[in-house]
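**Q** Quick one: this structure, given as C-alpha cells, is what I'll be asking you about.
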Amino acid sequence: MIKTDILIIGAGPTGLFAVFEAGLLKMKCHLIDALPQPGGQCSELYPKKPIYDIPGFPEILADDLTKNLMEQCKQFEPGFTLGERADTLEKLEDGTFIVTTNKGTKHHAPIVAIAGGLGSFEPRKPIIHNISHYEDKGVEYMIKDPEVYRDKKVVIAGGGDSALDWSIYLSDIAKEVTLIHRRNEFRGALDSVDKVQELKDRGKINLVTPAEVVGILGPDEVTGVVVKQSEHIEKEFEIECDHFIPLFGLSPKLGPLAKWGLEIEKNAIKVNNALDYQTNIPGVFAIGDINTYPGKLKLILCGFHEATLMCQAAYQIINPGKRYVLKYTTVSGIDGFDGTRK
Ligand code: FAD
C-alpha cells in the first residue's frame, strides 16, 4: 500500500505543479498516470510544439515545460505510479481514500486530486480476436522500459512517430526488429522515415509494407505473429518473435473516473470554483482540464491556479484548526523534505 498526503491522478502539467504547491505546505504527493512518462498532453500530443502563454516564458517547448515542472517539484520527492490507470476509488470510514489501479497497485491518502485532463490515454488496439489473451505476455501497447526488449525478437506495428522512433531505438537493443505498416507511406517525421530506411538498408530493421498483423501465435506467451501482406496478391506468413508491440496511438477516455460517483457534466467533473475546486465528494478535488465550472478555460495556466487553491484547501483538511499564513517564496525560501533550504 502506497501512502501519501495528496494522491494526484494525472501527471500532466497541472498534477506536476500541484506537487510543488503541496510541497510548500509540507504535504507529500504521489502521482498515478496511465502513460509511462509524466507531462500529460504536453509530452504525449505535442512535445516539440512551442507554447506562448506560460507566464514568464515568451516561448517554451511543451517537452521543456514538462522537464522544468519535474525539476521544480523534484525537491519535494513525489512518488510515481506510471503506466497504470486509476480504476477504483473507495472511501473508508475515517474519510480517507483507497485508489486501486488496473494493475492492482493500492494507494491510500486523505486527499485525492484528480488532474486527469482529457481522461486517461488508452491505446488503440488492433482487431485481432485473441489479442487480450497475450496482453503483458508479449503484447504491449506502450514501451515503459526498453531494456525489456534487449536481445529479443520484436515486431512493431504502426505508421506514426511512435512506431518509427521505437523501431529506431530498439534496433540497437533488440536481437531483431520488424516494423509492419499497412501502407507503404509513413505518417511520422521525415527524418525518422529516412532513418528507418537507412537501418533497413543496413539490415538492422526488417520493413514489411503494406501489411498487417492478423494473428498472434503461442500456447501462452507470444512466439510469433501471422502477417497478411497485400502488395500484388495477398499472402499470409508467420514471423517468429517474443514481443508484438502495436503502436496505433492513444485516445483519451474519462473511463473509470466516470463511475466514481462524481457529478459529471459534458465529460468533465463539476467542481466548486467559488471555493477550492472540490467535487461533490468531500476530500476529492478536480483540477486542470478535467474539471468544469462557469467560465472554465482549458489552459495550462488555469490548471496551475486551480492546483494552488486546491492545495490550500487540502492543507486545512489534513491539518484541521491549524492556522496557515501565506508566505512569499521570495521571503520564506523553499525547505525541501530533506531539510535543505533554497
Ligand atoms: P493533461 O495534460 O491532459 O494530463 C492528464 C493526465 O492524466 C494524462 O497524462 C492522463 O494519462 C492522466 N490520466 C487521466 N485519467 C487517468 C486515470 N484514470 N488514471 C491514470 N492516469 C490518468 N494549453 C495552453 O495553455 N497553451 C497552449 O499553447 C496549448 N497548446 C495546446 C496544443 C495542443 C496540440 C493540445 C492538444 C493542447 C494544448 N493546450 C495548450 C492545452 C493543454 O495541453 C492542456 O490544458 C493541459 O495539458 C492540461 O493539463 P492537465 O494536467 O490538466 O491534463
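As shown in the C-alpha cells, the chain order sets the letters A, B, ...; within each chain, residues go from 1, and ligands are also counted from 1 in the order they appear.
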With a distance cut-off of 8 Å and only C-alpha atoms, select the neighbouring residues of Gly188 of chain A, excluding the residue or stretch itself and same-chain residues fewer than 3 positions from it, and output the selection as a list in words.

**A** Gly159, Gly160, Asp161, Ser162, Leu164, Ser192 and Val193 of chain A

**Q** Take the residues just selected and output them with N, CA and C atoms as a PDB file, in the first residue's frame.

**A**
ATOM      1  N   GLY A 159       2.339   3.304 -38.146  1.00  0.00           N
ATOM      2  CA  GLY A 159       2.956   4.140 -39.179  1.00  0.00           C
ATOM      3  C   GLY A 159       3.248   5.549 -38.710  1.00  0.00           C
ATOM      4  N   GLY A 160       3.088   5.815 -37.412  1.00  0.00           N
ATOM      5  CA  GLY A 160       3.318   7.170 -36.893  1.00  0.00           C
ATOM      6  C   GLY A 160       4.693   7.301 -36.244  1.00  0.00           C
ATOM      7  N   ASP A 161       4.889   8.443 -35.574  1.00  0.00           N
ATOM      8  CA  ASP A 161       6.188   8.736 -34.957  1.00  0.00           C
ATOM      9  C   ASP A 161       6.593   7.692 -33.924  1.00  0.00           C
ATOM     10  N   SER A 162       5.601   7.263 -33.144  1.00  0.00           N
ATOM     11  CA  SER A 162       5.915   6.333 -32.071  1.00  0.00           C
ATOM     12  C   SER A 162       6.498   5.025 -32.630  1.00  0.00           C
ATOM     13  N   LEU A 164       7.885   4.524 -35.556  1.00  0.00           N
ATOM     14  CA  LEU A 164       9.188   4.773 -36.207  1.00  0.00           C
ATOM     15  C   LEU A 164      10.290   4.966 -35.160  1.00  0.00           C
ATOM     16  N   SER A 192      12.716  10.593 -39.400  1.00  0.00           N
ATOM     17  CA  SER A 192      12.586   9.244 -38.839  1.00  0.00           C
ATOM     18  C   SER A 192      12.356   8.227 -39.957  1.00  0.00           C
ATOM     19  N   VAL A 193      11.545   8.621 -40.966  1.00  0.00           N
ATOM     20  CA  VAL A 193      11.288   7.710 -42.089  1.00  0.00           C
ATOM     21  C   VAL A 193      12.616   7.403 -42.793  1.00  0.00           C
TER      22      VAL A 193
END

**Q** With the cut-off set at 6 Å and counting only C-alpha atoms and all ligand atoms, tabulate each residue of chain A with an atom at most that distance from an atom of ligand 1, showing the nearest atom pair and its distance in Å to one decimal, ordered by chain and increasing number, as a tab-separated table.

**A**
residue	atom	partner	partner_atom_place_in_ligand_line	distance
A:Ile9	CA	ligand 1	21 (N)	5.5
A:Gly10	CA	ligand 1	7 (O)	3.2
A:Ala11	CA	ligand 1	6 (C)	5.2
A:Gly12	CA	ligand 1	51 (O)	3.4
A:Pro13	CA	ligand 1	51 (O)	4.2
A:Thr14	CA	ligand 1	51 (O)	3.7
A:Gly15	CA	ligand 1	51 (O)	5.4
A:Ile32	CA	ligand 1	20 (C)	5.2
A:Asp33	CA	ligand 1	21 (N)	3.4
A:Ala34	CA	ligand 1	21 (N)	4.0
A:Leu35	CA	ligand 1	11 (O)	5.0
A:Gly40	CA	ligand 1	9 (O)	3.3
A:Gln41	CA	ligand 1	2 (O)	3.9
A:Cys42	CA	ligand 1	43 (O)	5.3
A:Leu45	CA	ligand 1	36 (C)	5.8
A:Tyr46	CA	ligand 1	34 (C)	5.4
A:Ile51	CA	ligand 1	28 (O)	4.3
A:Tyr52	CA	ligand 1	28 (O)	5.8
A:Asp53	CA	ligand 1	26 (N)	5.6
A:Glu84	CA	ligand 1	20 (C)	6.0
A:Arg85	CA	ligand 1	19 (N)	3.5
A:Ala86	CA	ligand 1	19 (N)	3.8
A:Asp87	CA	ligand 1	18 (N)	5.9
A:Ala115	CA	ligand 1	52 (O)	5.2
A:Gly116	CA	ligand 1	7 (O)	3.5
A:Gly117	CA	ligand 1	53 (O)	3.1
A:Leu118	CA	ligand 1	3 (O)	4.9
A:Gly119	CA	ligand 1	14 (C)	3.8
A:Ser120	CA	ligand 1	14 (C)	3.4
A:Phe121	CA	ligand 1	11 (O)	4.8
A:Leu257	CA	ligand 1	18 (N)	5.8
A:Gly288	CA	ligand 1	52 (O)	3.5
A:Asp289	CA	ligand 1	52 (O)	4.1
A:Lys298	CA	ligand 1	45 (O)	4.7
A:Leu299	CA	ligand 1	25 (O)	3.6
A:Ile300	CA	ligand 1	25 (O)	3.8
A:Leu301	CA	ligand 1	25 (O)	5.8
A:Gly303	CA	ligand 1	52 (O)	5.7

**Q** To one decimal in Å, tell me the separation between atom CA of His133 of chain A and atom CA of Asp220 of chain A.

**A**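 For atom CA of His133 of chain A relative to atom CA of Asp220 of chain A, the distance reads 8.1 Å.
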
**Q** So, with only C-alpha atoms as the atoms that count, which of A:Glu265, A:Pro123, A:Gly333, A:Leu309 lies closest to Leu250 of chain A?

**A** A:Pro123

**Q** Please list as an MDAnalysis selection string every residue within 6 Å of Thr308 of chain A, counting only C-alpha atoms and excluding residues in the same chain fewer than 3 positions away.

**A** chainID A and resid 21 305 311

**Q** As a VMD selection string, please: every residue in segment 138-263 of chain A that a backbone DSSP assignment puts in helix (DSSP H, G or I).

**A** chain A and resid 146 to 149 161 to 170 190 to 201 255 to 259

**Q** Hey, can you check how far atom CA of Lys296 of chain A sits from atom CA of Val271 of chain A?

**A**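 Atom-to-atom, atom CA of Lys296 of chain A and atom CA of Val271 of chain A are spaced 10.5 Å apart.
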
**Q** Quick one: of A:Leu82, A:Val226, A:Ile180, A:Ile111, who's nearest to Ala313 of chain A, counting only C-alpha atoms?

**A**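 Of A:Leu82, A:Val226, A:Ile180, A:Ile111, the one nearest Ala313 of chain A is A:Ile111, counting only C-alpha atoms.
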
**Q** Skipping near chain neighbours, those fewer than 4 positions away, what residues fall within 7 Å of Leu69 of chain A using only C-alpha atoms, listed as a PyMOL selection string?

**A** chain A and resi 16-17+65+73

**Q** Would you work out the distance separating atom CA of Phe304 of chain A from atom CA of Gln37 of chain A, expressed in Å to one decimal?

**A** 19.6 Å

**Q** Taking 6 positions as the minimum chain separation for residues in the same chain, which residues sit within 10 Å of Ile269 of chain A when counting only C-alpha atoms? Answer as a PyMOL selection string.

**A** chain A and resi 114+116+254+257-258+262-263+277-280+285-287+289-293

**Q** Please produce an output containing N, CA and C atoms for each residue in the selection, written as an mmCIF file, in the first residue's frame.

**A**
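Saved the output as again35.cif:
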data_model
loop_
_atom_site.group_PDB
_atom_site.id
_atom_site.type_symbol
_atom_site.label_atom_id
_atom_site.label_comp_id
_atom_site.auth_asym_id
_atom_site.auth_seq_id
_atom_site.Cartn_x
_atom_site.Cartn_y
_atom_site.Cartn_z
ATOM 1 N N ILE A 114 -7.884 14.920 -8.609
ATOM 2 C CA ILE A 114 -7.962 14.373 -9.973
ATOM 3 C C ILE A 114 -7.487 15.455 -10.947
ATOM 4 N N GLY A 116 -6.824 14.740 -14.233
ATOM 5 C CA GLY A 116 -6.832 13.744 -15.324
ATOM 6 C C GLY A 116 -6.993 14.291 -16.726
ATOM 7 N N LEU A 254 -12.509 9.319 -20.373
ATOM 8 C CA LEU A 254 -12.764 9.579 -18.945
ATOM 9 C C LEU A 254 -12.719 8.248 -18.193
ATOM 10 N N LEU A 257 -13.084 6.912 -14.152
ATOM 11 C CA LEU A 257 -13.419 8.063 -13.294
ATOM 12 C C LEU A 257 -14.920 8.354 -13.344
ATOM 13 N N ALA A 258 -15.536 8.019 -14.479
ATOM 14 C CA ALA A 258 -16.972 8.291 -14.661
ATOM 15 C C ALA A 258 -17.825 7.465 -13.702
ATOM 16 N N LEU A 262 -18.898 10.817 -9.077
ATOM 17 C CA LEU A 262 -18.661 12.258 -9.197
ATOM 18 C C LEU A 262 -19.729 12.866 -10.096
ATOM 19 N N GLU A 263 -20.041 14.144 -9.839
ATOM 20 C CA GLU A 263 -21.001 14.826 -10.721
ATOM 21 C C GLU A 263 -20.290 15.179 -12.014
ATOM 22 N N TYR A 277 -12.252 24.079 -5.694
ATOM 23 C CA TYR A 277 -12.190 23.037 -6.731
ATOM 24 C C TYR A 277 -12.460 21.638 -6.175
ATOM 25 N N GLN A 278 -13.238 21.595 -5.065
ATOM 26 C CA GLN A 278 -13.643 20.306 -4.532
ATOM 27 C C GLN A 278 -14.833 19.787 -5.353
ATOM 28 N N THR A 279 -14.940 18.465 -5.454
ATOM 29 C CA THR A 279 -16.058 17.860 -6.182
ATOM 30 C C THR A 279 -17.213 17.629 -5.204
ATOM 31 N N ASN A 280 -18.231 16.892 -5.659
ATOM 32 C CA ASN A 280 -19.342 16.567 -4.757
ATOM 33 C C ASN A 280 -18.942 15.554 -3.701
ATOM 34 N N PHE A 285 -10.807 16.405 -5.074
ATOM 35 C CA PHE A 285 -10.749 17.645 -5.854
ATOM 36 C C PHE A 285 -10.556 17.295 -7.326
ATOM 37 N N ALA A 286 -10.930 18.226 -8.208
ATOM 38 C CA ALA A 286 -10.638 18.033 -9.638
ATOM 39 C C ALA A 286 -10.049 19.338 -10.164
ATOM 40 N N ILE A 287 -8.857 19.241 -10.768
ATOM 41 C CA ILE A 287 -8.146 20.450 -11.216
ATOM 42 C C ILE A 287 -7.651 20.263 -12.649
ATOM 43 N N ASP A 289 -7.701 20.478 -16.868
ATOM 44 C CA ASP A 289 -8.652 20.255 -17.973
ATOM 45 C C ASP A 289 -9.830 19.357 -17.613
ATOM 46 N N ILE A 290 -9.682 18.526 -16.580
ATOM 47 C CA ILE A 290 -10.721 17.527 -16.263
ATOM 48 C C ILE A 290 -11.954 18.153 -15.617
ATOM 49 N N ASN A 291 -11.837 19.394 -15.085
ATOM 50 C CA ASN A 291 -12.980 19.930 -14.339
ATOM 51 C C ASN A 291 -13.812 20.898 -15.173
ATOM 52 N N THR A 292 -14.989 21.208 -14.665
ATOM 53 C CA THR A 292 -15.815 22.219 -15.325
ATOM 54 C C THR A 292 -16.523 23.078 -14.287
ATOM 55 N N TYR A 293 -16.686 24.347 -14.622
ATOM 56 C CA TYR A 293 -17.414 25.321 -13.787
ATOM 57 C C TYR A 293 -17.714 26.513 -14.694
#

**Q** Using only C-alpha atoms, which residues sit within 12 Å of Asn68 of chain A once same-chain residues fewer than 3 positions away are excluded, as a CSV table (one decimal) with C-alpha atoms, in the first residue's frame?

**A**
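So out34.csv came out as:
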chain,number,residue,atom,x,y,z
A,13,PRO,CA,1.3,20.0,-16.1
A,16,LEU,CA,3.1,18.2,-11.5
A,17,PHE,CA,2.6,21.8,-10.4
A,20,PHE,CA,5.3,21.9,-5.9
A,38,PRO,CA,4.9,12.4,-17.0
A,39,GLY,CA,3.8,15.5,-18.9
A,57,PHE,CA,8.2,32.2,-20.8
A,60,ILE,CA,8.8,27.2,-24.4
A,61,LEU,CA,8.6,23.8,-26.0
A,62,ALA,CA,6.0,21.6,-24.4
A,63,ASP,CA,8.7,19.0,-23.6
A,64,ASP,CA,10.8,21.6,-21.9
A,65,LEU,CA,7.9,22.8,-19.8
A,71,GLU,CA,12.8,19.9,-11.9
A,72,GLN,CA,10.7,22.4,-9.9
A,73,CYS,CA,8.9,19.6,-8.0
A,74,LYS,CA,11.7,17.1,-7.5

**Q** Would you list the contacts of segment 88-102 of chain A as a list in words, taking every protein, DNA or RNA residue within 8 Å and counting only C-alpha atoms, but skipping same-chain residues closer than 5 positions in sequence?

**A**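 Here the answer would be His107, His108, Ala109, Pro110, Ile111, Val112, Pro256, Leu257, Trp260 and Gly283 of chain A.
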
**Q** With segment 165-175 of chain A as the partner and 7 Å as the cut-off, tabulate the residues of segment 192-309 of chain A that qualify, each row holding the nearest pair of atoms and their distance in Å to one decimal, using only C-alpha atoms, sorted by chain and rising number, as a Markdown table.

**A**
| residue | atom | partner | partner_atom | distance |
| --- | --- | --- | --- | --- |
| A:Ser192 | CA | A:Asp165 | CA | 6.6 |
| A:Val196 | CA | A:Ile168 | CA | 6.3 |
| A:Lys204 | CA | A:Ser171 | CA | 6.0 |
| A:Ile205 | CA | A:Ser171 | CA | 6.4 |

**Q** Those same residues - N, CA and C atoms - I'd like them written as a PDB file, in the first residue's frame.

**A**
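That gives us result27.pdb:
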ATOM      1  N   SER A 192      12.716  10.593 -39.400  1.00  0.00           N
ATOM      2  CA  SER A 192      12.586   9.244 -38.839  1.00  0.00           C
ATOM      3  C   SER A 192      12.356   8.227 -39.957  1.00  0.00           C
ATOM      4  N   VAL A 196      14.760   5.043 -40.693  1.00  0.00           N
ATOM      5  CA  VAL A 196      14.278   3.651 -40.748  1.00  0.00           C
ATOM      6  C   VAL A 196      14.722   3.011 -42.063  1.00  0.00           C
ATOM      7  N   LYS A 204      19.408  -3.674 -40.215  1.00  0.00           N
ATOM      8  CA  LYS A 204      19.126  -3.578 -38.765  1.00  0.00           C
ATOM      9  C   LYS A 204      17.628  -3.592 -38.466  1.00  0.00           C
ATOM     10  N   ILE A 205      16.805  -3.286 -39.478  1.00  0.00           N
ATOM     11  CA  ILE A 205      15.346  -3.338 -39.309  1.00  0.00           C
ATOM     12  C   ILE A 205      14.753  -4.078 -40.509  1.00  0.00           C
TER      13      ILE A 205
END

**Q** For Gly218 of chain A, which residue among A:Cys241, A:Leu31, A:Ile143, A:Ile2 is the nearest when counting only C-alpha atoms?

**A**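 Of A:Cys241, A:Leu31, A:Ile143, A:Ile2, the one nearest Gly218 of chain A is A:Cys241, counting only C-alpha atoms.
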
**Q** Restricting the calculation to only C-alpha atoms, which member of A:Ala113, A:Lys125, A:Ala157, A:Leu25 is positioned closest to Pro282 of chain A?

**A** A:Ala113

**Q** Name the closest residue to Gly138 of chain A among the candidates A:Gly104, A:Pro47, A:Gly215, A:Gly224; distances are taken between atoms, counting only C-alpha atoms.

**A**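 Nearest candidate to Gly138 of chain A out of A:Gly104, A:Pro47, A:Gly215, A:Gly224: A:Gly224.
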
**Q** With only C-alpha atoms as the atoms that count, which of A:Arg182, A:Lys26, A:His243, A:Lys253 lies nearest to Lys153 of chain A?

**A**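 The answer is A:His243, which sits nearest to Lys153 of chain A.
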